[in-house]
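Peer 1: Sharing a structure with you now.
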Amino acid sequence: MRFLNFIKTFFRTIILHSGFSLLTLLGLSIGMAMSLLVLIYVYYESNYDRHWSDSSQIYRVYSYGEIGEEKIRSAVTPLPLCEALQKLDGVSLATNLVPGNRKLVSSAYIQSLESYFYYADAHFFEVFDLPFLLGEREGVLNDSNSVVITFSAAQRLFGQRNPLGEKLTLENGLEYVVTGMVEDVPANSHLKFDFVGNWLQVEGGMRKDPTLPHAGMLDNWLYLNSYTYFKLSETGASSEVLKQLSLEAVQKVNAQIAASFRLTDQAPGNIYLNFGIQPIHDIHLYSEVENEMGTVANPVYIMIFTAIAFFILLITAINFMNLTTAKASRRYKEVAVRKYFGAGRRFLVYQFLTEAVVYSFIALFVALVLVELLMPGFNLMFGIEMTSTGFIQQPDTIWILVITMLLGVLSGSYPAMFFSGLKPHLAINGAMKVKKWGVVIRGVLVSSQVVLSICLIVLSIGMYAQLRFLEEAPHGFEEEDAIALEWGAMDRDGLQKIREALEISGLVKAVGLAEYVPGDDPSVISFRQSGDSSQVVLLAVNYVDAGYFEAVGAEFVDGEVWAENDGLKASKVVLNASAARFLGYYENKQQALELVGGRSAGETYFFNVAGVVKDMAFAGVKEAARPMVFLPETSSNRAEHMIISFDTHAFEQGVEEVHRVWSREVPDRAIKLKALSEIKSGFYSEERRFANIAAMFSVLAIILTVFGKIGMAAFVVQYHQKNIFIRSILAAPFFRLLAYGLRGYWMYVLFGMALALPLSSFLLHLWLSGFKVAFTPGWIIYLYPVLILLFTSIVVAYLTGGREIKKEAHS
Amino acid sequence: MVEGKGIRKSFGDLEVLKGIDVTIGSGEIVSILGASGAGKTTLLQILGSLDRPTQGEVFVDGTAIHTLSENQLARFRNKHIGFVFQFHQLLPEFTALENCLLPAFIGGVTKREAEKKAMELLGFLGLSQRLEHKPAELSGGEKQRVAVARALINDPLVIFADEPSGNLDSKNQEELMGLFVSLRDQFHQTFVIVTHDEHLAVKSDRTIQMVDGLIVS
């Protein structure tokens with residue numbers, strides 16, 4: 001009853017002071033929406049892999065150990081591990097997943113280059129129970145040639161057709177029959193696959209022909225190649241499983257070491273390998289192993305974001321207190337009358353708390369609408385796929401209500417104290433004086449908000465400037481007007497036809513072939529330097545043809561590209577500048593490189609250096625370029641990409657031509673190409689994301705600061721109320737009144753600015769110090785935030801201050 | 001009904017009340033007269049339990065209100081004391097009826113009971129046609145009558161009025177005083193009125209003249 005009455009009072013008050021109340025509500029809503037978005041993001045990041053049934057019972061095994069000097073911590077494990085695991089007490093089900101290379105997959109209708117083809121044993125979908133859209137989970141991978149595909153893979157290969165029973169042919173000759181179609185793997189899973197084929201078919205092939213690549217992995221405990229998972233039985237304890245696993249592993253691994261190294265004269269030295277387990281829930285945030293299937297997140301960011309969410313809420317609550325008490329004198333009389341008629345302190349505290357809580361819940365509603373509207377932009381910015389429904393349908397929703405309630409109570413606490421303590425007989429006659437410390441508190445609030453805004457604006461401008469600086473830094477290749485066409489492992493004739501057709505089109509400047517293009521992670525091979533047989537050096541290797549260097553716009557600093565076909569066994573190579581330095585090329589230009597461990601024993605391959613090119617930033621200029629050797633590509637070391645650079649201004653026309661030639665020459669295969677400029681901008685997606693986030697928080701900070709300033713402006717005018725009244729009677733002009741009424745306001749705004757400039761400069765330099773190369777910030781960076789803050793301060797001063805002064809002058 | 005013994009009140013160095021003894025009987029209309037700054041409003045605040053004396057005792061219907069805690073005092077004020085102000089002090093966002101109900105709600109009276117009582121009172125004051133009007137839609141006299149109804153809603157022992165007619169024209173002033181008299185006659189209501197209007201004061205049962213913090217007659 002009383003509560004309803006409070007709510008009624010609340011709505012009447014809102015309507016009476018509608019302008020200011022709506023402002024208060026808006027401030028609260030924006031703050032809540034932003035912190036909700038951030039919390040939803042935190043929730044999303046910390047709920048990876050929770051969608052599987054009994055997900056808390058599922059563990060992944062990882063490998064750790066040491067081989068010589070090299071420490072190993074890897075997500076991949078030996079293949080025989082799975083079978084051994086299945087026999088342990090406490091394990092209800094073990095399964096493994098073997099990654100396949102990127103490969104060409106053909107259906108009866110189309111061919112497609114697929115990156116996420118995996119092999120698994122028959123139990124995989126019992127552990128990871130993705131919903132089946134077609135087919136039955138039970139025994140879906142029982143046949144050795146069965147494959148389960150995701151919905152989007154089915155769309156690519158079969159269009160609208162029913163994929164069940166359809167045949168898929170892989171480029172390695174294997175044939176699979178589709179036995180099930182599952183939903184796509186949710187984005188917040190550490191797993192990432194489009195095809196899961198039965199491993200037995202691959203294994204069968206390897207058993208028949210042990211010379212097949214990777215055939216050695218089958219029974220080898222030192223060959224790390226597959227992901228292994230297990231599900232605990234209901235009574236199982238993970239610690240018990242780990243104990244048994246370690247015992248078993250030591251035995252098997254030691255036997256393997258003994259067996260493997262007896263064959264060679266090399267001493268095993270310091271070699272050991274063991275296994276750990278990790279709950280799949282922890283993989284995304286806490287896994288510290290290499291060879292992850294997807295990217296993992298840093299838990300520090302999650303903590304920072306949680307802190308940010310609560311910080312926004314705190315500022316929102318403070319702004320609320322500021323705004324609701326800024327125009328306190330308007331409510332003095334109401335409170336005084338209530339006190340006259342016997343409203344006790346507690347009654348008034350309840351009244352103001354109820355008001356704030358109701359405010360919060362209305363704001364929550366508005367905030368949820370805002371969240372829904374902002375979500376797509378937010379997803380784009382963070383590069384994720386979250387939905388509010390996933391969050392809001394969870395049992396954790398209760399937390400939203402609890403937080404809203406707490407926010408209301410927190411926000412209402414100060415107004416409640418403030419109003420319930422006033423002296424009624426003073427308040428009713430308007431003799432209640434606005435206290436000086438109210439100005440000081442609001443001033444400090446405004447100053448700190450100004451500092452926060454300026455720092456964020458400076459940081460975000462600095463981040464964008466640094467992003468541009470990185471993108472414009474020399475990368476060692478020309479990304480303008482060039483594309484990388486993904487070729488895969490097709491026959492050479494088709495490649496040649498496409499190349500010829502493009503060359504006669506007159507649009508193309510150069511065409512080259514390469515195994516790796518910028519953005520790829522090149523494989524590393526060991527070489528011996530001539531004259532030093534003990535020393536083995538590791539170099540990144542890229543198989544390219546002679547046209548490649550012109551096509552990517554590489555610049556030779558010494559020598560030149562090899563002449564075509566020097567012959568296979570004594571060939572010429574090109575080094576990048578880092579490799580030239582690393583190998584001491586300039587001291588001995590005649591040195592030869594010897595490939596260690598060629599495919600067939602007894603043969604050795606020697607290379608001489610033909611030339612040196614500037615370093616190409618394969619992963620962007622943030623990282624030092626690795627020493628790289630460019631070897632002539634041959635039919636056995638297939639270049640998988642064609643780099644095509646077009647004449648200036650012919651880019652779009654050229655890309656069209658490529659599409660046309662492709663659909664003529666390989667009509668049954670989808671084309672895959674990327675502009676080099678797109679690849680390059682991909683290097684800096686992380687920087688771009690953080691710059692966007694900083695920009696988003698800057699905008700939020702500016703908005704929150706505006707609310708703080710509104711409260712301050714309204715309050716100082718009240719503080720000078722009497723003086724303004726007298727001056728207005730003496731016919732002082734409006735702007736004089738405004739200047740007088742806002743004394744103090746400007747002081748705190750300017751103080752905040754003065755404090756923020758050195759601080760923001762420090763923060764920006766701190767951030768930039770984390771980069772290998774960075775731009776030099778100029779003064780203009782600091783000018784923008786100062787102008788923005790000055791502008792908003794003037795607008796608030798004029799609108800709020802002016803409005804309040806007019807009211808005071810006429811009251 | 002209301003008794004003050006040796007009331008002194010200082011604000012810092014300034015002594016506003018310098019030892020006041022006063023007794024107001026039940027069903028009496030007493031006017032406190034005096035020039036500005038004589039201390040009459042301060043005395044009213046103290047008798048009305050809104051402020052505490054620096055020294056002295058205050059009894060209302062036998063309760064020593066200077067000994068009550070803040071919360072007890074608020075409850076006591078709600079139940080037993082009514083106020084009428086110079087400016088009506090109605091809450092602008094509420095209707096006449098709702099303004100009148102305010103003290104009853106604070107006291108926890110049920111809505112039905114409180115509304116019944118409020119409608120009776122407003123009817124008695126000739127406002128039955130104005131129940132749903134907001135203060136801005138009422139005349140000055142009407143507003144002050146709503147304020148009187150609000151003061152009466154919890155059947156107080158005594159009503160304190162601070163310059164109740166100060167903001168009214170002479171016709172409304174007469175009417176308001178007449179209303180107080182008839183409330184006294186019909187319901188035996190006690191009134192303590194602070195005013196500097198001699199003309200009004202003569203209609204009360206008794207006047208107390210204050211000069212410089214002391215009662216002189």
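Letters A, B, ... go to the chains of the structure tokens in the order shown; residues in each chain start at 1; ligands are counted from 1 in the same order.
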Which residues come within 12 Å of B:Glu28, counting only C-alpha atoms, excluding same-chain residues fewer than 3 positions away, as JSON, numbers by chain?
Peer 2: {"B": [1, 2, 23, 24, 25, 31, 157, 158, 159, 160, 180, 181, 182, 183, 184, 185, 187, 188, 189, 190, 191, 192, 193, 203, 204, 205, 206, 207]}
Peer 1: Given a cut-off of 10 Å, which residues of chain B touch chain A, counting only C-alpha atoms, written out as a PDB file with N, CA, C and O atoms, in the first residue's frame?
Peer 2:
```pdb
ATOM      1  N   THR B  41       7.390  32.296  15.832  1.00  0.00           N
ATOM      2  CA  THR B  41       7.464  31.102  14.985  1.00  0.00           C
ATOM      3  C   THR B  41       8.322  30.032  15.643  1.00  0.00           C
ATOM      4  O   THR B  41       7.979  28.848  15.636  1.00  0.00           O
ATOM      5  N   THR B  42       9.437  30.445  16.241  1.00  0.00           N
ATOM      6  CA  THR B  42      10.294  29.492  16.934  1.00  0.00           C
ATOM      7  C   THR B  42       9.521  28.786  18.047  1.00  0.00           C
ATOM      8  O   THR B  42       9.613  27.566  18.217  1.00  0.00           O
ATOM      9  N   GLN B  45       7.291  26.226  16.509  1.00  0.00           N
ATOM     10  CA  GLN B  45       8.035  25.027  16.088  1.00  0.00           C
ATOM     11  C   GLN B  45       8.290  24.118  17.284  1.00  0.00           C
ATOM     12  O   GLN B  45       8.187  22.895  17.186  1.00  0.00           O
ATOM     13  N   GLY B  48       5.128  22.632  18.547  1.00  0.00           N
ATOM     14  CA  GLY B  48       4.643  21.680  17.554  1.00  0.00           C
ATOM     15  C   GLY B  48       5.589  20.515  17.320  1.00  0.00           C
ATOM     16  O   GLY B  48       5.445  19.791  16.336  1.00  0.00           O
ATOM     17  N   SER B  49       6.609  20.367  18.164  1.00  0.00           N
ATOM     18  CA  SER B  49       7.524  19.214  18.156  1.00  0.00           C
ATOM     19  C   SER B  49       8.445  19.175  16.940  1.00  0.00           C
ATOM     20  O   SER B  49       9.060  18.160  16.659  1.00  0.00           O
ATOM     21  N   LEU B  50       8.549  20.275  16.209  1.00  0.00           N
ATOM     22  CA  LEU B  50       9.432  20.276  15.043  1.00  0.00           C
ATOM     23  C   LEU B  50      10.856  20.649  15.410  1.00  0.00           C
ATOM     24  O   LEU B  50      11.795  20.377  14.680  1.00  0.00           O
ATOM     25  N   ASP B  51      10.994  21.298  16.535  1.00  0.00           N
ATOM     26  CA  ASP B  51      12.320  21.735  16.959  1.00  0.00           C
ATOM     27  C   ASP B  51      12.401  21.472  18.457  1.00  0.00           C
ATOM     28  O   ASP B  51      11.356  21.345  19.125  1.00  0.00           O
ATOM     29  N   GLU B  70      13.594  10.887  17.819  1.00  0.00           N
ATOM     30  CA  GLU B  70      13.210  11.463  16.528  1.00  0.00           C
ATOM     31  C   GLU B  70      12.042  10.688  15.913  1.00  0.00           C
ATOM     32  O   GLU B  70      11.078  11.284  15.434  1.00  0.00           O
ATOM     33  N   ASN B  71      12.150   9.350  15.951  1.00  0.00           N
ATOM     34  CA  ASN B  71      11.091   8.526  15.350  1.00  0.00           C
ATOM     35  C   ASN B  71       9.788   8.572  16.132  1.00  0.00           C
ATOM     36  O   ASN B  71       8.704   8.650  15.563  1.00  0.00           O
ATOM     37  N   GLN B  72       9.921   8.523  17.473  1.00  0.00           N
ATOM     38  CA  GLN B  72       8.717   8.617  18.307  1.00  0.00           C
ATOM     39  C   GLN B  72       8.020   9.947  18.078  1.00  0.00           C
ATOM     40  O   GLN B  72       6.797  10.026  17.990  1.00  0.00           O
ATOM     41  N   LEU B  73       8.856  10.973  17.933  1.00  0.00           N
ATOM     42  CA  LEU B  73       8.327  12.318  17.728  1.00  0.00           C
ATOM     43  C   LEU B  73       7.556  12.394  16.413  1.00  0.00           C
ATOM     44  O   LEU B  73       6.459  12.963  16.353  1.00  0.00           O
ATOM     45  N   ALA B  74       8.146  11.782  15.361  1.00  0.00           N
ATOM     46  CA  ALA B  74       7.480  11.799  14.061  1.00  0.00           C
ATOM     47  C   ALA B  74       6.127  11.104  14.163  1.00  0.00           C
ATOM     48  O   ALA B  74       5.118  11.598  13.651  1.00  0.00           O
ATOM     49  N   ARG B  75       6.108   9.963  14.861  1.00  0.00           N
ATOM     50  CA  ARG B  75       4.840   9.235  15.019  1.00  0.00           C
ATOM     51  C   ARG B  75       3.825  10.048  15.821  1.00  0.00           C
ATOM     52  O   ARG B  75       2.665  10.117  15.480  1.00  0.00           O
ATOM     53  N   PHE B  76       4.325  10.673  16.877  1.00  0.00           N
ATOM     54  CA  PHE B  76       3.451  11.480  17.731  1.00  0.00           C
ATOM     55  C   PHE B  76       2.854  12.635  16.936  1.00  0.00           C
ATOM     56  O   PHE B  76       1.666  12.924  16.997  1.00  0.00           O
ATOM     57  N   ARG B  77       3.715  13.279  16.144  1.00  0.00           N
ATOM     58  CA  ARG B  77       3.271  14.423  15.350  1.00  0.00           C
ATOM     59  C   ARG B  77       2.222  13.978  14.347  1.00  0.00           C
ATOM     60  O   ARG B  77       1.207  14.636  14.151  1.00  0.00           O
ATOM     61  N   ASN B  78       2.471  12.825  13.746  1.00  0.00           N
ATOM     62  CA  ASN B  78       1.523  12.312  12.768  1.00  0.00           C
ATOM     63  C   ASN B  78       0.144  12.099  13.391  1.00  0.00           C
ATOM     64  O   ASN B  78      -0.875  12.440  12.804  1.00  0.00           O
ATOM     65  N   LYS B  79       0.109  11.533  14.588  1.00  0.00           N
ATOM     66  CA  LYS B  79      -1.160  11.158  15.220  1.00  0.00           C
ATOM     67  C   LYS B  79      -1.873  12.351  15.853  1.00  0.00           C
ATOM     68  O   LYS B  79      -3.091  12.439  15.820  1.00  0.00           O
ATOM     69  N   HIS B  80      -1.100  13.245  16.485  1.00  0.00           N
ATOM     70  CA  HIS B  80      -1.749  14.179  17.399  1.00  0.00           C
ATOM     71  C   HIS B  80      -1.614  15.648  17.053  1.00  0.00           C
ATOM     72  O   HIS B  80      -2.197  16.476  17.721  1.00  0.00           O
ATOM     73  N   ILE B  81      -0.843  15.987  16.033  1.00  0.00           N
ATOM     74  CA  ILE B  81      -0.642  17.408  15.740  1.00  0.00           C
ATOM     75  C   ILE B  81      -0.935  17.691  14.270  1.00  0.00           C
ATOM     76  O   ILE B  81      -0.550  16.928  13.396  1.00  0.00           O
ATOM     77  N   GLY B  82      -1.626  18.788  14.022  1.00  0.00           N
ATOM     78  CA  GLY B  82      -1.881  19.204  12.648  1.00  0.00           C
ATOM     79  C   GLY B  82      -1.243  20.563  12.396  1.00  0.00           C
ATOM     80  O   GLY B  82      -0.998  21.319  13.338  1.00  0.00           O
ATOM     81  N   PHE B  83      -0.934  20.826  11.118  1.00  0.00           N
ATOM     82  CA  PHE B  83      -0.310  22.120  10.787  1.00  0.00           C
ATOM     83  C   PHE B  83      -1.041  22.801   9.629  1.00  0.00           C
ATOM     84  O   PHE B  83      -1.464  22.138   8.685  1.00  0.00           O
ATOM     85  N   VAL B  84      -1.130  24.127   9.739  1.00  0.00           N
ATOM     86  CA  VAL B  84      -1.581  24.927   8.596  1.00  0.00           C
ATOM     87  C   VAL B  84      -0.517  26.003   8.395  1.00  0.00           C
ATOM     88  O   VAL B  84      -0.026  26.578   9.371  1.00  0.00           O
ATOM     89  N   PHE B  85      -0.135  26.219   7.092  1.00  0.00           N
ATOM     90  CA  PHE B  85       0.990  27.125   6.818  1.00  0.00           C
ATOM     91  C   PHE B  85       0.514  28.405   6.162  1.00  0.00           C
ATOM     92  O   PHE B  85      -0.615  28.504   5.681  1.00  0.00           O
ATOM     93  N   GLN B  86       1.448  29.361   6.098  1.00  0.00           N
ATOM     94  CA  GLN B  86       1.111  30.638   5.464  1.00  0.00           C
ATOM     95  C   GLN B  86       0.814  30.436   3.981  1.00  0.00           C
ATOM     96  O   GLN B  86      -0.230  30.818   3.481  1.00  0.00           O
ATOM     97  N   PHE B  87       1.798  29.799   3.283  1.00  0.00           N
ATOM     98  CA  PHE B  87       1.491  29.384   1.914  1.00  0.00           C
ATOM     99  C   PHE B  87       0.938  27.972   2.062  1.00  0.00           C
ATOM    100  O   PHE B  87       1.524  27.168   2.789  1.00  0.00           O
ATOM    101  N   GLN B  89       1.136  25.197   0.954  1.00  0.00           N
ATOM    102  CA  GLN B  89       2.055  24.051   0.951  1.00  0.00           C
ATOM    103  C   GLN B  89       1.368  22.743   0.573  1.00  0.00           C
ATOM    104  O   GLN B  89       1.608  21.703   1.166  1.00  0.00           O
ATOM    105  N   LEU B  90       0.492  22.827  -0.432  1.00  0.00           N
ATOM    106  CA  LEU B  90      -0.069  21.576  -0.977  1.00  0.00           C
ATOM    107  C   LEU B  90       0.916  21.063  -2.013  1.00  0.00           C
ATOM    108  O   LEU B  90       1.613  21.858  -2.647  1.00  0.00           O
ATOM    109  N   LEU B  91       0.977  19.740  -2.170  1.00  0.00           N
ATOM    110  CA  LEU B  91       1.898  19.195  -3.164  1.00  0.00           C
ATOM    111  C   LEU B  91       1.264  19.324  -4.548  1.00  0.00           C
ATOM    112  O   LEU B  91       0.161  18.836  -4.777  1.00  0.00           O
ATOM    113  N   PRO B  92       1.949  20.017  -5.450  1.00  0.00           N
ATOM    114  CA  PRO B  92       1.327  20.365  -6.731  1.00  0.00           C
ATOM    115  C   PRO B  92       0.977  19.156  -7.586  1.00  0.00           C
ATOM    116  O   PRO B  92       0.088  19.230  -8.434  1.00  0.00           O
ATOM    117  N   GLU B  93       1.687  18.023  -7.386  1.00  0.00           N
ATOM    118  CA  GLU B  93       1.426  16.889  -8.268  1.00  0.00           C
ATOM    119  C   GLU B  93       0.262  16.024  -7.801  1.00  0.00           C
ATOM    120  O   GLU B  93      -0.091  15.061  -8.465  1.00  0.00           O
ATOM    121  N   PHE B  94      -0.338  16.381  -6.655  1.00  0.00           N
ATOM    122  CA  PHE B  94      -1.457  15.585  -6.130  1.00  0.00           C
ATOM    123  C   PHE B  94      -2.769  16.375  -6.161  1.00  0.00           C
ATOM    124  O   PHE B  94      -2.768  17.599  -6.085  1.00  0.00           O
ATOM    125  N   LEU B 102      -2.556  12.577   2.623  1.00  0.00           N
ATOM    126  CA  LEU B 102      -1.134  12.364   2.887  1.00  0.00           C
ATOM    127  C   LEU B 102      -0.808  11.985   4.335  1.00  0.00           C
ATOM    128  O   LEU B 102      -0.169  10.959   4.578  1.00  0.00           O
ATOM    129  N   PRO B 103      -1.273  12.752   5.345  1.00  0.00           N
ATOM    130  CA  PRO B 103      -0.918  12.392   6.727  1.00  0.00           C
ATOM    131  C   PRO B 103      -1.496  11.032   7.140  1.00  0.00           C
ATOM    132  O   PRO B 103      -0.855  10.296   7.894  1.00  0.00           O
ATOM    133  N   ALA B 104      -2.682  10.698   6.593  1.00  0.00           N
ATOM    134  CA  ALA B 104      -3.289   9.412   6.941  1.00  0.00           C
ATOM    135  C   ALA B 104      -2.432   8.271   6.408  1.00  0.00           C
ATOM    136  O   ALA B 104      -2.187   7.279   7.094  1.00  0.00           O
ATOM    137  N   PHE B 105      -1.951   8.417   5.178  1.00  0.00           N
ATOM    138  CA  PHE B 105      -1.095   7.379   4.594  1.00  0.00           C
ATOM    139  C   PHE B 105       0.201   7.241   5.363  1.00  0.00           C
ATOM    140  O   PHE B 105       0.678   6.135   5.620  1.00  0.00           O
ATOM    141  N   ILE B 106       0.778   8.395   5.737  1.00  0.00           N
ATOM    142  CA  ILE B 106       2.028   8.331   6.506  1.00  0.00           C
ATOM    143  C   ILE B 106       1.774   7.559   7.792  1.00  0.00           C
ATOM    144  O   ILE B 106       2.602   6.767   8.228  1.00  0.00           O
ATOM    145  N   GLY B 107       0.564   7.765   8.386  1.00  0.00           N
ATOM    146  CA  GLY B 107       0.227   7.074   9.637  1.00  0.00           C
ATOM    147  C   GLY B 107      -0.186   5.635   9.430  1.00  0.00           C
ATOM    148  O   GLY B 107      -0.487   4.925  10.399  1.00  0.00           O
ATOM    149  N   GLY B 108      -0.290   5.195   8.182  1.00  0.00           N
ATOM    150  CA  GLY B 108      -0.617   3.799   7.916  1.00  0.00           C
ATOM    151  C   GLY B 108      -2.098   3.471   7.980  1.00  0.00           C
ATOM    152  O   GLY B 108      -2.484   2.312   8.146  1.00  0.00           O
ATOM    153  N   VAL B 109      -2.948   4.478   7.838  1.00  0.00           N
ATOM    154  CA  VAL B 109      -4.401   4.232   7.814  1.00  0.00           C
ATOM    155  C   VAL B 109      -4.747   3.598   6.461  1.00  0.00           C
ATOM    156  O   VAL B 109      -4.137   3.931   5.453  1.00  0.00           O
ATOM    157  N   THR B 110      -5.712   2.674   6.453  1.00  0.00           N
ATOM    158  CA  THR B 110      -6.042   2.026   5.176  1.00  0.00           C
ATOM    159  C   THR B 110      -6.673   3.040   4.241  1.00  0.00           C
ATOM    160  O   THR B 110      -7.262   4.040   4.658  1.00  0.00           O
ATOM    161  N   LYS B 111      -6.528   2.735   2.971  1.00  0.00           N
ATOM    162  CA  LYS B 111      -6.969   3.677   1.959  1.00  0.00           C
ATOM    163  C   LYS B 111      -8.473   3.966   2.087  1.00  0.00           C
ATOM    164  O   LYS B 111      -8.909   5.105   2.016  1.00  0.00           O
ATOM    165  N   ARG B 150      -6.379  18.736   5.454  1.00  0.00           N
ATOM    166  CA  ARG B 150      -5.206  17.882   5.616  1.00  0.00           C
ATOM    167  C   ARG B 150      -4.742  17.877   7.072  1.00  0.00           C
ATOM    168  O   ARG B 150      -4.391  16.840   7.625  1.00  0.00           O
ATOM    169  N   ALA B 151      -4.795  19.062   7.711  1.00  0.00           N
ATOM    170  CA  ALA B 151      -4.366  19.143   9.109  1.00  0.00           C
ATOM    171  C   ALA B 151      -5.293  18.343  10.018  1.00  0.00           C
ATOM    172  O   ALA B 151      -4.893  17.846  11.062  1.00  0.00           O
ATOM    173  N   ASN B 154      -6.099  13.308  10.692  1.00  0.00           N
ATOM    174  CA  ASN B 154      -5.794  12.293  11.695  1.00  0.00           C
ATOM    175  C   ASN B 154      -6.378  12.633  13.073  1.00  0.00           C
ATOM    176  O   ASN B 154      -5.894  12.131  14.088  1.00  0.00           O
TER     177      ASN B 154
END
```
Peer 1: Do a neighbour search on A:Asn274 at 7 Å with only C-alpha atoms, toss out local chain neighbours closer than 6 positions, and write the hits as a list in words.
Peer 2: Ser63, Tyr64, Gly65, Ser246, Ala249 and Val250 of chain A
Peer 1: May I have the residues from that selection written out with C-alpha atoms, as a PDB file, in the first residue's frame?
Peer 2:
```pdb
ATOM      1  CA  SER A  63      51.076 -32.867 -23.851  1.00  0.00           C
ATOM      2  CA  TYR A  64      54.014 -31.331 -22.076  1.00  0.00           C
ATOM      3  CA  GLY A  65      57.656 -32.196 -21.970  1.00  0.00           C
ATOM      4  CA  SER A 246      50.688 -40.430 -16.040  1.00  0.00           C
ATOM      5  CA  ALA A 249      52.197 -42.583 -20.279  1.00  0.00           C
ATOM      6  CA  VAL A 250      55.618 -42.834 -18.628  1.00  0.00           C
TER       7      VAL A 250
END
```
Peer 1: Go through stretch 64-182 of chain B and collect every residue that DSSP, computed from the backbone, puts in alpha helix (DSSP H); the answer should be as a ChimeraX atom specification.
Peer 2: /B:70-80,96-106,111-124,140-152,170-182
Peer 1: Just want the 12 Å neighbourhood of A:Tyr798, counted on only C-alpha atoms, with same-chain residues fewer than 2 positions away dropped. Output as a list in words.
Peer 2: Lys709, Ile710, Ala713, Ala714, Val717, Phe734, Phe735, Leu737, Leu738, Ala739, Gly741, Leu742, Tyr745, Phe791, Thr792, Ser793, Ile794, Val795, Val796, Thr800, Gly801, Gly802, Arg803, Glu804, Ile805 and Lys806 of chain A
Peer 1: Give me the residues within 6 Å of stretch 56-67 of chain B as a PyMOL selection string, counting only C-alpha atoms and dropping any in the same chain fewer than 4 places off.
Peer 2: chain B and resi 1-7
Peer 1: Write the residues of the selection above to a file with N, CA and C atoms, as a JSON list (two decimals), in the first residue's frame.
Peer 2:
```json
[["chain", "number", "residue", "atom", "x", "y", "z"],
["B", 1, "MET", "N", -3.79, 21.15, 27.67],
["B", 1, "MET", "CA", -3.56, 20.41, 26.41],
["B", 1, "MET", "C", -2.12, 20.57, 25.95],
["B", 2, "VAL", "N", -1.65, 21.83, 25.78],
["B", 2, "VAL", "CA", -0.25, 22.09, 25.42],
["B", 2, "VAL", "C", 0.36, 22.94, 26.52],
["B", 3, "GLU", "N", 1.52, 22.46, 27.00],
["B", 3, "GLU", "CA", 2.13, 23.21, 28.09],
["B", 3, "GLU", "C", 3.63, 23.34, 27.87],
["B", 4, "GLY", "N", 4.14, 24.57, 27.97],
["B", 4, "GLY", "CA", 5.58, 24.78, 27.87],
["B", 4, "GLY", "C", 6.08, 25.37, 29.17],
["B", 5, "LYS", "N", 7.21, 24.83, 29.66],
["B", 5, "LYS", "CA", 7.74, 25.32, 30.94],
["B", 5, "LYS", "C", 9.18, 25.77, 30.76],
["B", 6, "GLY", "N", 9.43, 27.02, 31.00],
["B", 6, "GLY", "CA", 10.80, 27.56, 30.98],
["B", 6, "GLY", "C", 11.53, 27.33, 29.68],
["B", 7, "ILE", "N", 10.83, 27.56, 28.56],
["B", 7, "ILE", "CA", 11.46, 27.24, 27.26],
["B", 7, "ILE", "C", 12.46, 28.31, 26.85]]
```
Peer 1: Using only C-alpha atoms, determine which residues lie at most 10 Å from A:Asn96, disregarding the query and same-chain residues fewer than 2 positions distant; provide the list as a PyMOL selection string.
Peer 2: chain A and resi 60-61+76-83+94+98-99+118-124+199+226-230
Peer 1: Hey, what's within 8 Å of A:Leu222 if we count only C-alpha atoms and toss same-chain stuff fewer than 5 positions away? As a ChimeraX atom specification, please?
Peer 2: /A:78,253,256-257,273
Peer 1: Quick one: of A:Gln466, A:Gln351, A:Thr648, A:Ser578, who's nearest to A:Ile781, counting only C-alpha atoms?
Peer 2: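 Counting only C-alpha atoms, the residue closest to A:Ile781 is A:Gln466.
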Peer 1: Smallest atom-to-atom distance to A:Val371: which of A:Ile40, A:Ala577, A:Phe418, A:Asp184, using only C-alpha atoms?
Peer 2: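 Smallest separation from A:Val371 among the options: A:Ile40.
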Peer 1: Mind giving me the straight-line distance from atom CA of B:Leu68 to atom CA of B:Glu113 in Å, one decimal?
Peer 2: 28.5 Å
Peer 1: DSSP on the backbone, strand (DSSP E or B) only: what residues of stretch 19-163 of chain B does that give? Format it as a count of residues only.
Peer 2: 29
Peer 1: Here is a test: counting only C-alpha atoms, which residue of B:Gly34, B:Pro164, B:Gly126, B:Gly178 is nearest to B:Glu198?
Peer 2: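 Closest candidate: B:Gly34.
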